[in-house]
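S.K.: File follows, data_13.csv with CSV, C-alpha atoms:
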```
chain,number,residue,atom,x,y,z
A,1,MET,CA,0.0,0.0,0.0
A,2,ASN,CA,1.2,3.5,-0.7
A,3,GLU,CA,2.1,6.0,2.0
A,4,PRO,CA,-1.1,7.7,3.3
A,5,PHE,CA,-1.6,11.1,1.7
A,6,PHE,CA,-4.7,11.9,3.9
A,7,GLN,CA,-4.4,11.7,7.7
A,8,VAL,CA,-6.7,12.4,10.6
A,9,ARG,CA,-4.9,12.6,14.0
A,10,GLY,CA,-6.8,12.7,17.3
A,11,VAL,CA,-9.6,14.8,16.0
A,12,VAL,CA,-12.2,16.0,18.5
A,13,LYS,CA,-15.3,18.2,18.0
A,14,ARG,CA,-17.3,19.5,21.0
A,15,PHE,CA,-20.5,21.5,20.9
A,16,GLY,CA,-20.8,22.8,24.4
A,17,GLY,CA,-21.0,19.7,26.6
A,18,LEU,CA,-21.6,17.3,23.7
A,19,THR,CA,-18.6,15.5,22.2
A,20,ALA,CA,-19.7,14.7,18.6
A,21,VAL,CA,-16.3,13.4,17.5
A,22,ASN,CA,-14.0,11.9,20.1
A,23,ASP,CA,-10.3,11.4,19.4
A,24,VAL,CA,-10.6,9.9,15.9
A,25,SER,CA,-7.5,8.9,14.0
A,26,PHE,CA,-7.0,7.1,10.6
A,27,ASP,CA,-5.0,7.3,7.4
A,28,VAL,CA,-6.1,7.0,3.7
A,29,ALA,CA,-3.6,6.0,1.1
A,30,ARG,CA,-3.7,7.3,-2.5
A,31,GLY,CA,-6.0,5.1,-4.6
A,32,GLU,CA,-7.9,3.6,-1.7
A,33,ILE,CA,-11.7,3.3,-1.2
A,34,VAL,CA,-12.4,3.5,2.5
A,35,SER,CA,-15.9,3.2,4.0
A,36,ILE,CA,-17.0,4.8,7.3
A,37,ILE,CA,-20.0,3.2,8.9
A,38,GLY,CA,-21.9,3.5,12.1
A,39,PRO,CA,-25.4,4.1,13.5
A,40,ASN,CA,-27.3,7.4,12.9
A,41,GLY,CA,-26.0,10.2,15.0
A,42,ALA,CA,-22.6,8.5,15.4
A,43,GLY,CA,-20.7,11.6,14.2
A,44,LYS,CA,-19.8,10.5,10.7
A,45,THR,CA,-21.1,13.6,8.9
A,46,THR,CA,-19.6,15.9,11.6
A,47,LEU,CA,-16.2,14.2,10.9
A,48,PHE,CA,-16.6,14.9,7.1
A,49,ASN,CA,-17.4,18.6,8.0
A,50,LEU,CA,-14.2,18.8,10.0
A,51,VAL,CA,-12.2,17.3,7.0
A,52,THR,CA,-13.7,19.7,4.4
A,53,GLY,CA,-13.7,22.9,6.6
A,54,GLN,CA,-17.4,23.4,7.3
A,55,LEU,CA,-16.4,23.0,11.0
A,56,ALA,CA,-13.1,23.6,12.9
A,57,PRO,CA,-11.9,20.8,15.2
A,58,THR,CA,-11.8,21.4,18.9
A,59,ALA,CA,-8.5,19.4,19.0
A,60,GLY,CA,-6.5,17.2,16.7
A,61,GLU,CA,-5.1,17.6,13.2
A,62,VAL,CA,-6.2,17.0,9.6
A,63,ARG,CA,-3.4,16.5,7.1
A,64,PHE,CA,-3.7,16.3,3.3
A,65,ASP,CA,-0.8,15.5,1.0
A,66,GLY,CA,1.8,16.3,3.7
A,67,SER,CA,0.3,19.6,4.9
A,68,THR,CA,-1.9,20.5,7.9
A,69,ILE,CA,-5.1,21.9,6.7
A,70,ASN,CA,-6.9,22.7,10.0
A,71,ASN,CA,-7.0,26.5,9.4
A,72,LEU,CA,-7.9,26.4,5.7
A,73,ARG,CA,-11.3,27.5,4.4
A,74,PRO,CA,-13.4,25.0,2.4
A,75,ASP,CA,-12.5,26.7,-0.9
A,76,ALA,CA,-8.8,26.5,-0.1
A,77,ARG,CA,-9.1,22.8,0.7
A,78,ALA,CA,-11.0,22.3,-2.6
A,79,ARG,CA,-8.0,23.9,-4.4
A,80,LEU,CA,-5.7,21.4,-2.7
A,81,GLY,CA,-7.8,18.5,-4.1
A,82,LEU,CA,-10.6,17.8,-1.7
A,83,GLY,CA,-14.1,17.3,-3.1
A,84,ARG,CA,-17.3,16.1,-1.4
A,85,THR,CA,-20.9,15.4,-1.8
A,86,PHE,CA,-23.6,16.0,0.9
A,87,GLN,CA,-26.0,13.7,2.6
A,88,ILE,CA,-28.9,15.7,1.3
A,89,ALA,CA,-28.3,16.6,-2.4
A,90,LYS,CA,-27.9,20.4,-2.6
A,91,PRO,CA,-27.8,21.4,-6.3
A,92,LEU,CA,-28.7,25.0,-7.3
A,93,PRO,CA,-32.3,24.3,-8.3
A,94,ALA,CA,-32.8,27.1,-10.8
A,95,LEU,CA,-29.6,26.2,-12.7
A,96,THR,CA,-29.3,23.4,-15.3
A,97,ALA,CA,-27.2,20.3,-14.6
A,98,LEU,CA,-24.5,21.8,-16.8
A,99,GLU,CA,-24.5,25.1,-15.0
A,100,ASN,CA,-24.3,23.3,-11.6
A,101,ALA,CA,-21.2,21.4,-12.8
A,102,MET,CA,-19.7,24.6,-14.2
A,103,VAL,CA,-19.8,26.1,-10.7
A,104,GLY,CA,-17.2,23.6,-9.6
A,105,ALA,CA,-15.3,23.7,-12.9
A,106,PHE,CA,-14.6,27.4,-12.6
A,107,LEU,CA,-12.2,26.6,-9.7
A,108,ARG,CA,-9.5,25.3,-12.1
A,109,HIS,CA,-11.0,26.5,-15.5
A,110,PRO,CA,-11.7,30.2,-15.1
A,111,LYS,CA,-12.5,30.8,-18.8
A,112,LEU,CA,-16.2,30.3,-19.6
A,113,ARG,CA,-15.6,28.0,-22.6
A,114,ASP,CA,-13.1,25.9,-20.7
A,115,ALA,CA,-15.4,25.5,-17.7
A,116,GLU,CA,-18.3,24.5,-20.0
A,117,ALA,CA,-16.2,21.9,-21.8
A,118,HIS,CA,-15.0,20.5,-18.5
A,119,ALA,CA,-18.5,20.4,-17.1
A,120,HIS,CA,-19.8,18.6,-20.2
A,121,GLY,CA,-17.0,16.0,-19.7
A,122,VAL,CA,-17.9,15.2,-16.1
A,123,LEU,CA,-21.6,15.0,-16.9
A,124,ARG,CA,-20.8,12.4,-19.5
A,125,GLU,CA,-18.7,10.5,-17.0
A,126,VAL,CA,-21.6,10.3,-14.5
A,127,GLY,CA,-24.2,9.5,-17.1
A,128,LEU,CA,-26.0,12.9,-17.2
A,129,ALA,CA,-24.9,14.1,-20.7
A,130,ARG,CA,-28.5,14.0,-22.0
A,131,ARG,CA,-29.8,15.9,-19.0
A,132,ALA,CA,-27.2,18.8,-19.3
A,133,GLY,CA,-29.9,21.4,-20.2
A,134,VAL,CA,-32.4,20.3,-17.6
A,135,ARG,CA,-32.9,22.4,-14.4
A,136,ALA,CA,-31.6,20.6,-11.3
A,137,SER,CA,-35.1,21.0,-9.7
A,138,GLN,CA,-36.5,18.7,-12.5
A,139,LEU,CA,-34.0,15.9,-12.0
A,140,THR,CA,-34.9,12.6,-10.4
A,141,LEU,CA,-33.3,11.7,-7.0
A,142,SER,CA,-30.8,9.4,-8.8
A,143,GLU,CA,-29.9,12.2,-11.2
A,144,ARG,CA,-29.5,14.7,-8.4
A,145,ARG,CA,-27.2,12.2,-6.6
A,146,ARG,CA,-25.1,11.9,-9.9
A,147,LEU,CA,-25.1,15.7,-10.2
A,148,GLU,CA,-23.6,15.9,-6.7
A,149,VAL,CA,-20.8,13.6,-7.8
A,150,ALA,CA,-20.4,15.6,-11.0
A,151,ARG,CA,-20.0,18.9,-9.1
A,152,ALA,CA,-17.3,17.3,-6.9
A,153,LEU,CA,-15.6,15.8,-10.0
A,154,ALA,CA,-15.6,19.2,-11.7
A,155,LEU,CA,-13.1,20.4,-9.0
A,156,ASP,CA,-10.5,17.9,-10.4
A,157,PRO,CA,-10.0,16.5,-6.9
A,158,ALA,CA,-7.6,13.8,-5.7
A,159,LEU,CA,-9.8,12.7,-2.8
A,160,ILE,CA,-13.6,12.7,-2.8
A,161,LEU,CA,-15.8,12.3,0.3
A,162,LEU,CA,-19.1,10.8,-0.5
A,163,ASP,CA,-21.8,11.2,2.2
A,164,GLU,CA,-24.5,8.6,1.8
A,165,VAL,CA,-24.5,9.3,-2.0
A,166,MET,CA,-26.5,6.0,-2.6
A,167,ALA,CA,-29.3,6.7,-0.1
A,168,GLY,CA,-32.7,6.3,-1.6
A,169,LEU,CA,-31.5,4.6,-4.8
A,170,ASN,CA,-33.0,1.3,-6.1
A,171,ALA,CA,-30.9,-1.8,-6.7
A,172,SER,CA,-30.1,-1.1,-10.3
A,173,GLU,CA,-29.2,2.6,-9.5
A,174,VAL,CA,-26.9,1.4,-6.7
A,175,ALA,CA,-25.2,-1.0,-9.1
A,176,GLU,CA,-24.6,1.7,-11.6
A,177,ALA,CA,-23.2,4.0,-8.9
A,178,ILE,CA,-20.8,1.3,-7.7
A,179,ASP,CA,-19.6,0.8,-11.3
A,180,LEU,CA,-19.1,4.5,-11.6
A,181,PHE,CA,-17.0,4.8,-8.5
A,182,ARG,CA,-14.9,1.8,-9.4
A,183,ARG,CA,-14.2,3.4,-12.8
A,184,LEU,CA,-13.2,6.6,-11.1
A,185,ASN,CA,-11.0,4.8,-8.7
A,186,GLN,CA,-9.3,3.0,-11.5
A,187,ARG,CA,-8.7,6.4,-13.0
A,188,GLY,CA,-6.8,7.3,-9.9
A,189,LEU,CA,-9.3,8.9,-7.5
A,190,THR,CA,-9.3,8.1,-3.8
A,191,PHE,CA,-12.6,7.8,-2.0
A,192,LEU,CA,-13.7,8.2,1.7
A,193,ILE,CA,-17.3,7.1,1.9
A,194,ILE,CA,-20.1,7.2,4.5
A,195,GLU,CA,-22.4,4.4,3.7
A,196,HIS,CA,-25.2,2.6,5.5
A,197,ASN,CA,-25.8,-0.2,3.0
A,198,LEU,CA,-23.4,-3.0,4.2
A,199,LYS,CA,-23.8,-4.9,0.9
A,200,VAL,CA,-22.5,-1.8,-0.9
A,201,VAL,CA,-19.6,-1.5,1.6
A,202,ARG,CA,-18.6,-5.2,1.0
A,203,ALA,CA,-18.9,-4.7,-2.8
A,204,PHE,CA,-16.2,-2.1,-3.2
A,205,SER,CA,-14.4,-1.2,0.0
A,206,LYS,CA,-11.6,-3.3,1.3
A,207,ARG,CA,-11.2,-1.3,4.5
A,208,VAL,CA,-13.8,-0.1,6.9
A,209,ILE,CA,-13.8,2.4,9.8
A,210,VAL,CA,-16.6,2.1,12.3
A,211,ILE,CA,-17.7,5.2,14.3
A,212,ASP,CA,-20.0,4.9,17.3
A,213,ARG,CA,-20.9,7.7,19.7
A,214,GLY,CA,-18.3,9.9,18.1
A,215,ALA,CA,-15.4,7.4,18.6
A,216,LYS,CA,-13.7,5.0,16.3
A,217,ILE,CA,-14.4,1.5,17.6
A,218,ALA,CA,-13.0,-0.7,14.8
A,219,GLU,CA,-10.9,-0.5,11.6
A,220,GLY,CA,-9.7,-3.1,9.2
A,221,ASN,CA,-10.7,-5.6,6.5
A,222,ALA,CA,-14.3,-5.1,5.5
A,223,ASP,CA,-15.4,-8.7,5.9
A,224,LYS,CA,-13.7,-9.2,9.3
A,225,ILE,CA,-14.9,-5.9,10.7
A,226,LEU,CA,-18.5,-6.3,9.6
A,227,ALA,CA,-18.6,-9.7,11.4
A,228,MET,CA,-17.3,-8.4,14.7
A,229,PRO,CA,-20.1,-8.7,17.4
A,230,GLN,CA,-19.4,-5.2,18.8
A,231,VAL,CA,-19.7,-3.7,15.3
A,232,VAL,CA,-23.0,-5.5,14.7
A,233,THR,CA,-24.2,-4.4,18.1
A,234,ALA,CA,-23.3,-0.8,17.5
A,235,TYR,CA,-24.6,-0.7,14.0
A,236,LEU,CA,-28.0,-2.3,14.8
A,237,GLY,CA,-28.3,-0.4,18.1
A,238,ARG,CA,-28.7,-3.4,20.3
A,239,ARG,CA,-26.7,-2.3,23.3
A,240,LYS,CA,-26.9,-3.7,26.8
A,241,GLN,CA,-28.8,-1.4,29.2
```
Here is the file; what I need is its structure written in the form of structure tokens.
M.R.:
Amino acid sequence: MNEPFFQVRGVVKRFGGLTAVNDVSFDVARGEIVSIIGPNGAGKTTLFNLVTGQLAPTAGEVRFDGSTINNLRPDARARLGLGRTFQIAKPLPALTALENAMVGAFLRHPKLRDAEAHAHGVLREVGLARRAGVRASQLTLSERRRLEVARALALDPALILLDEVMAGLNASEVAEAIDLFRRLNQRGLTFLIIEHNLKVVRAFSKRVIVIDRGAKIAEGNADKILAMPQVVTAYLGRRKQ
């Protein structure tokens, strides 16, 4: 495995008396697909927000490609190569799919024609080429999920954080999404993924990190980790009283 180019070290996030993320550490190597799983409210999305700059950590360090990025704004982190999707798809509804993708493309392609060409390319890659001229508000759930991925891809990232990007999709749509992410991974992209569907996790993630009550409780090979009793207990919520 290559040396990790993304590192989280002892990250903590407190909101008053609530500790949402508690001393979490892990590495991601270039070219990996790593899944983060855990019950609802475990702190997974908060962890993503710490990584991408929507929140500042109370303690700990986030490092990307050899540099500490704790104090960088989200746009600065995007310039370094961090892209993400959100748990709830947040396209600009009045803009077309193409225009939404262009918003991200302008980061590295400031000329209108270049941004438009790049946006068309990412829409083709995610299967939305024929919907380029459709307003985001008129897209289906599956298409809005793909548009979220397209907007992240338009940034030309090295690492993409996917936050439950397959939630609400049917079996065939999930299969298509898995195929897309595999192709992008083979192209060189690294993925850190929050996912609740354990079949999906097993399908394309060799390494799993389990978060429960804000803390990392397990990490390792997907099949072994998902079979651990404490992981099953945490994930299904069957705790001893």
S.K.: Could you tell me which of A:Leu169, A:Ile225, A:Leu155, A:Leu147 comes closest to Leu80 (chain A) if we count only C-alpha atoms?
M.R.: A:Leu155
S.K.: Leu189 (chain A): which residues within 6 Å, counting all atoms listed in the file, same-chain residues fewer than 2 positions away excluded, as a list in words?
M.R.: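 Near neighbours after the sequence-gap exclusion: Gly31, Ala158, Leu184 and Asn185 of chain A.
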S.K.: Let me make sure I understand: among A:Ala29, A:Ile194, A:Ala171, A:Ala56, which one has the smallest atom-to-atom distance to Phe5 (chain A) if we use all atoms listed in the file?
M.R.: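 Between A:Ala29, A:Ile194, A:Ala171, A:Ala56, the residue approaching Phe5 (chain A) most closely is A:Ala29.
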S.K.: Identify which of the residues A:Leu123, A:Leu159, A:Ala177, A:Leu112 lies closest to Ser142 (chain A), counting only C-alpha atoms when measuring atom-to-atom distances.
M.R.: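 Distance minimum relative to Ser142 (chain A) lands on A:Ala177.
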S.K.: Please identify all polymer residues within 8 Å of Asn221 (chain A), counting all atoms listed in the file, omitting same-chain residues fewer than 6 positions from it, and present them as a ChimeraX atom specification.
M.R.: /A:206-208
S.K.: So which one's closest to Ala105 (chain A), A:Leu141, A:Ala59, A:Ala150, A:Leu128? Using only C-alpha atoms, please.
M.R.: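 For Ala105 (chain A), the nearest of the candidates is A:Ala150.
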S.K.: For Phe86 (chain A), which of A:Lys44, A:Leu180, A:Thr19, A:Ser35 is the closest residue, counting all atoms listed in the file?
M.R.: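 Using all atoms listed in the file, the shortest distance to Phe86 (chain A) belongs to A:Lys44.
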S.K.: How many Å lie between CA of Gly43 (chain A) and CA of Ala215 (chain A), rounded to one decimal?
M.R.: 8.1 Å
S.K.: I need the residue nearest Arg135 (chain A) from this list: A:Phe6, A:Ala97, A:Gly220, A:Asn197. Use only C-alpha atoms for the distance.
M.R.: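 Smallest distance to Arg135 (chain A) is found for A:Ala97.
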S.K.: Could you name the residues that touch Arg14 (chain A) at 12 Å or less, counting only C-alpha atoms, but leaving out those on the same chain fewer than 4 positions away, as a JSON list (two decimals) with C-alpha atoms, keeping the file's coordinate frame?
M.R.:
```
[["chain", "number", "residue", "atom", "x", "y", "z"],
["A", 18, "LEU", "CA", -21.60, 17.30, 23.70],
["A", 19, "THR", "CA", -18.60, 15.50, 22.20],
["A", 20, "ALA", "CA", -19.70, 14.70, 18.60],
["A", 21, "VAL", "CA", -16.30, 13.40, 17.50],
["A", 22, "ASN", "CA", -14.00, 11.90, 20.10],
["A", 23, "ASP", "CA", -10.30, 11.40, 19.40],
["A", 43, "GLY", "CA", -20.70, 11.60, 14.20],
["A", 46, "THR", "CA", -19.60, 15.90, 11.60],
["A", 47, "LEU", "CA", -16.20, 14.20, 10.90],
["A", 50, "LEU", "CA", -14.20, 18.80, 10.00],
["A", 55, "LEU", "CA", -16.40, 23.00, 11.00],
["A", 56, "ALA", "CA", -13.10, 23.60, 12.90],
["A", 57, "PRO", "CA", -11.90, 20.80, 15.20],
["A", 58, "THR", "CA", -11.80, 21.40, 18.90],
["A", 59, "ALA", "CA", -8.50, 19.40, 19.00],
["A", 60, "GLY", "CA", -6.50, 17.20, 16.70],
["A", 214, "GLY", "CA", -18.30, 9.90, 18.10]]
```
S.K.: May I ask for the distance between CA of Gly188 (chain A) and CA of Ile36 (chain A), given in Å to one decimal place?
M.R.: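 Between CA of Gly188 (chain A) and CA of Ile36 (chain A) the gap works out to 20.2 Å.
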